[in-house]
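Below is model.pdb, holding PDB, C-alpha atoms and all ligand atoms.
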ATOM      1  CA  MET D   1      83.419 110.403 112.304
ATOM      2  CA  GLU D   2      81.067 113.131 113.482
ATOM      3  CA  LYS D   3      78.081 111.991 115.528
ATOM      4  CA  ILE D   4      74.929 111.813 113.409
ATOM      5  CA  ASN D   5      72.213 114.353 114.194
ATOM      6  CA  PHE D   6      69.093 112.271 113.589
ATOM      7  CA  LYS D   7      66.837 115.331 113.293
ATOM      8  CA  ARG D   8      68.937 116.571 110.366
ATOM      9  CA  TYR D   9      69.194 113.070 108.883
ATOM     10  CA  GLY D  10      65.417 112.500 109.132
ATOM     11  CA  LEU D  11      64.612 115.870 107.579
ATOM     12  CA  TYR D  12      67.090 115.192 104.797
ATOM     13  CA  LEU D  13      65.381 111.863 104.007
ATOM     14  CA  ILE D  14      61.947 113.570 103.991
ATOM     15  CA  ARG D  15      63.347 116.319 101.743
ATOM     16  CA  TRP D  16      64.447 113.635  99.248
ATOM     17  CA  GLN D  17      60.920 112.220  99.239
ATOM     18  CA  LEU D  18      59.499 115.702  98.600
ATOM     19  CA  SER D  19      61.820 116.277  95.673
ATOM     20  CA  THR D  20      60.351 113.283  93.826
ATOM     21  CA  PRO D  21      56.770 114.595  93.263
ATOM     22  CA  ILE D  22      58.033 118.117  92.550
ATOM     23  CA  LEU D  23      60.466 116.929  89.907
ATOM     24  CA  ALA D  24      57.895 114.482  88.484
ATOM     25  CA  GLY D  25      55.382 117.351  88.221
ATOM     26  CA  VAL D  26      57.887 119.555  86.436
ATOM     27  CA  LEU D  27      58.741 116.736  84.021
ATOM     28  CA  TYR D  28      55.019 116.229  83.347
ATOM     29  CA  VAL D  29      54.521 119.926  82.588
ATOM     30  CA  LEU D  30      57.590 119.924  80.330
ATOM     31  CA  SER D  31      56.632 116.676  78.583
ATOM     32  CA  MET D  32      56.422 118.493  75.234
ATOM     33  CA  LEU D  33      60.184 119.111  75.385
ATOM     34  CA  ASP D  34      62.729 116.413  74.619
ATOM     35  CA  LYS D  35      63.678 114.276  77.622
ATOM     36  CA  LEU D  36      67.180 115.700  78.072
ATOM     37  CA  THR D  37      66.032 119.346  78.065
ATOM     38  CA  ALA D  38      63.093 118.555  80.381
ATOM     39  CA  THR D  39      65.445 116.779  82.814
ATOM     40  CA  VAL D  40      67.944 119.664  82.776
ATOM     41  CA  VAL D  41      65.136 122.191  83.463
ATOM     42  CA  ALA D  42      63.595 119.974  86.188
ATOM     43  CA  ASN D  43      66.963 119.618  87.926
ATOM     44  CA  LEU D  44      67.548 123.353  87.668
ATOM     45  CA  ILE D  45      64.169 124.042  89.314
ATOM     46  CA  GLY D  46      64.887 121.383  91.957
ATOM     47  CA  GLY D  47      68.271 122.959  92.649
ATOM     48  CA  LEU D  48      66.734 126.424  93.022
ATOM     49  CA  ILE D  49      64.292 125.102  95.628
ATOM     50  CA  PHE D  50      66.346 122.527  97.492
ATOM     51  CA  PHE D  51      69.510 124.587  97.834
ATOM     52  CA  TRP D  52      67.635 126.623 100.472
ATOM     53  CA  VAL D  53      66.014 123.610 102.097
ATOM     54  CA  ASP D  54      69.365 121.804 102.345
ATOM     55  CA  LYS D  55      71.062 124.920 103.644
ATOM     56  CA  PHE D  56      68.498 125.096 106.453
ATOM     57  CA  ILE D  57      68.838 121.372 107.226
ATOM     58  CA  PHE D  58      72.626 121.479 107.474
ATOM     59  CA  THR D  59      73.206 124.840 109.108
ATOM     60  CA  SER D  60      70.195 125.709 111.277
ATOM     61  CA  HIS D  61      71.048 125.986 114.952
ATOM     62  CA  LEU D  62      67.412 125.153 115.714
ATOM     63  CA  LEU D  63      68.177 121.578 114.682
ATOM     64  CA  THR D  64      71.228 121.454 116.926
ATOM     65  CA  ALA D  65      69.206 121.660 120.131
ATOM     66  CA  GLN D  66      69.084 118.343 121.988
ATOM     67  CA  TRP D  67      66.492 117.624 124.669
ATOM     68  CA  GLU D  68      66.236 114.873 127.236
ATOM     69  CA  ILE D  69      62.792 113.727 128.352
ATOM     70  CA  LYS D  70      62.034 111.529 131.371
ATOM     71  CA  ASP D  71      58.626 110.066 132.164
ATOM     72  CA  GLU D  72      58.404 110.723 135.884
ATOM     73  CA  VAL D  73      60.460 113.388 137.608
ATOM     74  CA  PHE D  74      59.940 116.025 140.244
ATOM     75  CA  CYS D  75      60.082 119.418 138.560
ATOM     76  CA  VAL D  76      63.056 121.377 139.878
ATOM     77  CA  ASP D  77      61.014 124.604 139.869
ATOM     78  CA  CYS D  78      57.521 123.720 141.134
ATOM     79  CA  GLY D  79      58.100 120.240 142.618
ATOM     80  CA  LYS D  80      55.227 118.680 140.662
ATOM     81  CA  LYS D  81      55.642 115.021 139.652
ATOM     82  CA  ALA D  82      55.332 114.954 135.887
ATOM     83  CA  ARG D  83      57.050 114.183 132.623
ATOM     84  CA  GLY D  84      60.329 116.087 132.752
ATOM     85  CA  TYR D  85      62.201 118.023 130.096
ATOM     86  CA  ARG D  86      65.684 119.459 130.013
ATOM     87  CA  LEU D  87      67.725 121.140 127.306
ATOM     88  CA  VAL D  88      70.995 119.231 126.961
ATOM     89  CA  LYS D  89      72.725 121.094 124.175
ATOM     90  CA  ALA D  90      72.194 124.099 121.924
ATOM     91  CA  LYS D  91      74.444 126.697 120.347
ATOM     92  CA  GLY D  92      76.254 128.394 123.238
ATOM     93  CA  TYR D  93      74.710 126.010 125.797
ATOM     94  CA  ASP D  94      76.111 122.635 126.777
ATOM     95  CA  LYS D  95      74.868 120.604 129.745
ATOM     96  CA  THR D  96      75.906 117.190 128.379
ATOM     97  CA  SER D  97      78.127 116.435 131.368
ATOM     98  CA  ASP D  98      76.005 118.182 133.992
ATOM     99  CA  PRO D  99      76.483 116.168 137.231
ATOM    100  CA  ARG D 100      73.026 117.284 138.462
ATOM    101  CA  PRO D 101      70.692 117.481 135.467
ATOM    102  CA  GLN D 102      67.593 119.583 136.191
ATOM    103  CA  PHE D 103      64.286 118.447 134.754
ATOM    104  CA  ARG D 104      61.194 120.626 134.569
ATOM    105  CA  CYS D 105      57.522 119.913 133.980
ATOM    106  CA  GLU D 106      56.099 121.062 130.649
ATOM    107  CA  GLU D 107      54.827 124.373 132.035
ATOM    108  CA  CYS D 108      58.056 125.295 133.854
ATOM    109  CA  SER D 109      60.119 124.062 130.892
ATOM    110  CA  ALA D 110      58.257 126.497 128.617
ATOM    111  CA  LYS D 111      59.068 129.357 131.021
ATOM    112  CA  LYS D 112      62.730 128.306 131.226
ATOM    113  CA  THR D 113      62.924 128.014 127.431
ATOM    114  CA  GLU D 114      61.608 131.557 127.099
ATOM    115  CA  GLU D 115      64.181 132.741 129.651
ATOM    116  CA  LEU D 116      67.015 131.036 127.717
ATOM    117  CA  ARG D 117      65.808 132.583 124.443
ATOM    118  CA  LYS D 118      65.956 136.018 126.068
ATOM    119  CA  ARG D 119      69.562 135.233 127.026
ATOM    120  CA  GLY D 120      70.294 134.584 123.334
ATOM    121  CA  ILE D 121      70.250 130.765 123.312
ATOM    122  CA  GLU D 122      68.801 129.588 119.971
ATOM    123  CA  ILE D 123      66.132 127.012 120.769
TER
HETATM  124 ZN    ZN D 201      57.169 122.702 137.155
END
Can I see the file as structure tokens?
Amino acid sequence: MEKINFKRYGLYLIRWQLSTPILAGVLYVLSMLDKLTATVVANLIGGLIFFWVDKFIFTSHLLTAQWEIKDEVFCVDCGKKARGYRLVKAKGYDKTSDPRPQFRCEECSAKKTEELRKRGIEI
């Protein structure tokens, strides 16, 4: 079984919660129609909206990026002791089995992220 991406899973659960008030609102507006027709129309509207939301949730490379955060590290760039960040995995970038993981402070991590984006890494 494929490893679960909890960002995708969490967004999917939130998306289900969002569909409830939208569909309820549509059913309320269509309350003059018979129940079956109103339900068919509400599901059609839901499908038109959530097809795109689901497509983003299941295919976006932005949700593939995995980060590791450590509370106290020495930044590999500036040497400051701070909370450390490192990108572990993204499309075209895999440091999951890096023998020497490099953590950066928030400021240096932002610079590194920008550098990686310029190299075409989607984060
Ligand atoms: Zn730094």
Exercise. Residues up to 12 Å from ligand ZN 201 (chain D), counting all atoms listed in the file: could you list those as a PyMOL selection string?
Key: chain D and resi 73-86+102-112
Please produce an output containing C-alpha atoms for each residue in the selection, written as an mmCIF file, in the coordinates of the input.
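Saved as part10.cif:
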data_model
loop_
_atom_site.group_PDB
_atom_site.id
_atom_site.type_symbol
_atom_site.label_atom_id
_atom_site.label_comp_id
_atom_site.auth_asym_id
_atom_site.auth_seq_id
_atom_site.Cartn_x
_atom_site.Cartn_y
_atom_site.Cartn_z
ATOM 1 C CA VAL D 73 60.460 113.388 137.608
ATOM 2 C CA PHE D 74 59.940 116.025 140.244
ATOM 3 C CA CYS D 75 60.082 119.418 138.560
ATOM 4 C CA VAL D 76 63.056 121.377 139.878
ATOM 5 C CA ASP D 77 61.014 124.604 139.869
ATOM 6 C CA CYS D 78 57.521 123.720 141.134
ATOM 7 C CA GLY D 79 58.100 120.240 142.618
ATOM 8 C CA LYS D 80 55.227 118.680 140.662
ATOM 9 C CA LYS D 81 55.642 115.021 139.652
ATOM 10 C CA ALA D 82 55.332 114.954 135.887
ATOM 11 C CA ARG D 83 57.050 114.183 132.623
ATOM 12 C CA GLY D 84 60.329 116.087 132.752
ATOM 13 C CA TYR D 85 62.201 118.023 130.096
ATOM 14 C CA ARG D 86 65.684 119.459 130.013
ATOM 15 C CA GLN D 102 67.593 119.583 136.191
ATOM 16 C CA PHE D 103 64.286 118.447 134.754
ATOM 17 C CA ARG D 104 61.194 120.626 134.569
ATOM 18 C CA CYS D 105 57.522 119.913 133.980
ATOM 19 C CA GLU D 106 56.099 121.062 130.649
ATOM 20 C CA GLU D 107 54.827 124.373 132.035
ATOM 21 C CA CYS D 108 58.056 125.295 133.854
ATOM 22 C CA SER D 109 60.119 124.062 130.892
ATOM 23 C CA ALA D 110 58.257 126.497 128.617
ATOM 24 C CA LYS D 111 59.068 129.357 131.021
ATOM 25 C CA LYS D 112 62.730 128.306 131.226
#
Could you give me the centre and size, in Å to one decimal, of an axis-aligned box around all listed atoms of stretch 58-70 of chain D with 5 Å added on every side, as JSON?
{"center_x": 67.6, "center_y": 118.8, "center_z": 119.4, "size_x": 21.2, "size_y": 24.5, "size_z": 33.9}
Practice problem: Compute the distance from (64.7, 125.4, 108.0) to each atom, counting all atoms listed in the file, keep the residues with any atom at most 12 Å away, and return them as number ranges by chain; use the coordinates of the file. | Solution: D: 7-8, 11-12, 15, 50-64
Residue subset to file, keeping C-alpha atoms, as a short mmCIF file (atom, residue, chain, number, x, y, z; two decimals), in the coordinates of the input:
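Below you can see selection32.cif, which holds the result:
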data_model
loop_
_atom_site.label_atom_id
_atom_site.label_comp_id
_atom_site.auth_asym_id
_atom_site.auth_seq_id
_atom_site.Cartn_x
_atom_site.Cartn_y
_atom_site.Cartn_z
CA LYS D 7 66.84 115.33 113.29
CA ARG D 8 68.94 116.57 110.37
CA LEU D 11 64.61 115.87 107.58
CA TYR D 12 67.09 115.19 104.80
CA ARG D 15 63.35 116.32 101.74
CA PHE D 50 66.35 122.53 97.49
CA PHE D 51 69.51 124.59 97.83
CA TRP D 52 67.64 126.62 100.47
CA VAL D 53 66.01 123.61 102.10
CA ASP D 54 69.36 121.80 102.34
CA LYS D 55 71.06 124.92 103.64
CA PHE D 56 68.50 125.10 106.45
CA ILE D 57 68.84 121.37 107.23
CA PHE D 58 72.63 121.48 107.47
CA THR D 59 73.21 124.84 109.11
CA SER D 60 70.19 125.71 111.28
CA HIS D 61 71.05 125.99 114.95
CA LEU D 62 67.41 125.15 115.71
CA LEU D 63 68.18 121.58 114.68
CA THR D 64 71.23 121.45 116.93
#
Quiz item: Pick the closest to D:Thr20 from D:Ala65, D:Ala42, D:Ile121, D:Leu116: which is it, counting all atoms listed in the file?
Solution: D:Ala42
Practice problem: Mind giving me the straight-line distance from atom CA of D:Pro21 to atom CA of D:Val40 in Å, one decimal? | Solution: 16.1 Å
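Proximity ranking of D:Leu23, D:Gly47, D:Lys91, D:Pro101 relative to D:Glu68 places D:Pro101 first, based on only C-alpha atoms.
Reported to one decimal place, the separation of atom CA of D:Leu48 from atom CA of D:Ile123 is 27.8 Å.
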Quiz prompt | Top pick for closest residue to D:Thr96, considering D:Gln66, D:Ser19, D:Thr37, D:Ser31 and counting only C-alpha atoms | solution = D:Gln66
Quiz prompt | Å distance separating atom CA of D:Arg119 from atom CA of D:Leu87, one decimal place | solution = 14.2 Å
Self-check item: Residue contacts of D:Gly120 (12 Å, only C-alpha atoms) excluding same-chain residues fewer than 3 positions away, as number ranges by chain
Solution: D: 90-93, 113-117, 123
Atoms are missing here; could stretch 82-94 of chain D be completed with N, CA and C atoms and written as a PDB file, in the coordinates of the input?
ATOM      1  N   ALA D  82      55.857 114.928 137.253  1.00  0.00           N
ATOM      2  CA  ALA D  82      55.332 114.954 135.887  1.00  0.00           C
ATOM      3  C   ALA D  82      56.404 114.469 134.916  1.00  0.00           C
ATOM      4  N   ARG D  83      56.055 114.450 133.660  1.00  0.00           N
ATOM      5  CA  ARG D  83      57.050 114.183 132.623  1.00  0.00           C
ATOM      6  C   ARG D  83      58.026 115.353 132.630  1.00  0.00           C
ATOM      7  N   GLY D  84      59.325 115.040 132.614  1.00  0.00           N
ATOM      8  CA  GLY D  84      60.329 116.087 132.752  1.00  0.00           C
ATOM      9  C   GLY D  84      61.122 116.339 131.487  1.00  0.00           C
ATOM     10  N   TYR D  85      61.441 117.611 131.276  1.00  0.00           N
ATOM     11  CA  TYR D  85      62.201 118.023 130.096  1.00  0.00           C
ATOM     12  C   TYR D  85      63.445 118.785 130.536  1.00  0.00           C
ATOM     13  N   ARG D  86      64.520 118.604 129.788  1.00  0.00           N
ATOM     14  CA  ARG D  86      65.684 119.459 130.013  1.00  0.00           C
ATOM     15  C   ARG D  86      66.424 119.645 128.698  1.00  0.00           C
ATOM     16  N   LEU D  87      66.911 120.851 128.485  1.00  0.00           N
ATOM     17  CA  LEU D  87      67.725 121.140 127.306  1.00  0.00           C
ATOM     18  C   LEU D  87      69.128 120.651 127.609  1.00  0.00           C
ATOM     19  N   VAL D  88      69.654 119.783 126.752  1.00  0.00           N
ATOM     20  CA  VAL D  88      70.995 119.231 126.961  1.00  0.00           C
ATOM     21  C   VAL D  88      72.028 120.071 126.229  1.00  0.00           C
ATOM     22  N   LYS D  89      71.729 120.387 124.970  1.00  0.00           N
ATOM     23  CA  LYS D  89      72.725 121.094 124.175  1.00  0.00           C
ATOM     24  C   LYS D  89      72.066 121.983 123.129  1.00  0.00           C
ATOM     25  N   ALA D  90      72.605 123.174 122.979  1.00  0.00           N
ATOM     26  CA  ALA D  90      72.194 124.099 121.924  1.00  0.00           C
ATOM     27  C   ALA D  90      73.413 124.961 121.641  1.00  0.00           C
ATOM     28  N   LYS D  91      73.314 125.825 120.653  1.00  0.00           N
ATOM     29  CA  LYS D  91      74.444 126.697 120.347  1.00  0.00           C
ATOM     30  C   LYS D  91      74.709 127.609 121.553  1.00  0.00           C
ATOM     31  N   GLY D  92      75.907 127.565 122.091  1.00  0.00           N
ATOM     32  CA  GLY D  92      76.254 128.394 123.238  1.00  0.00           C
ATOM     33  C   GLY D  92      75.728 127.865 124.564  1.00  0.00           C
ATOM     34  N   TYR D  93      75.294 126.597 124.589  1.00  0.00           N
ATOM     35  CA  TYR D  93      74.710 126.010 125.797  1.00  0.00           C
ATOM     36  C   TYR D  93      75.019 124.526 125.778  1.00  0.00           C
ATOM     37  N   ASP D  94      75.742 124.053 126.772  1.00  0.00           N
ATOM     38  CA  ASP D  94      76.111 122.635 126.777  1.00  0.00           C
ATOM     39  C   ASP D  94      76.041 122.079 128.190  1.00  0.00           C
TER      40      ASP D  94
END
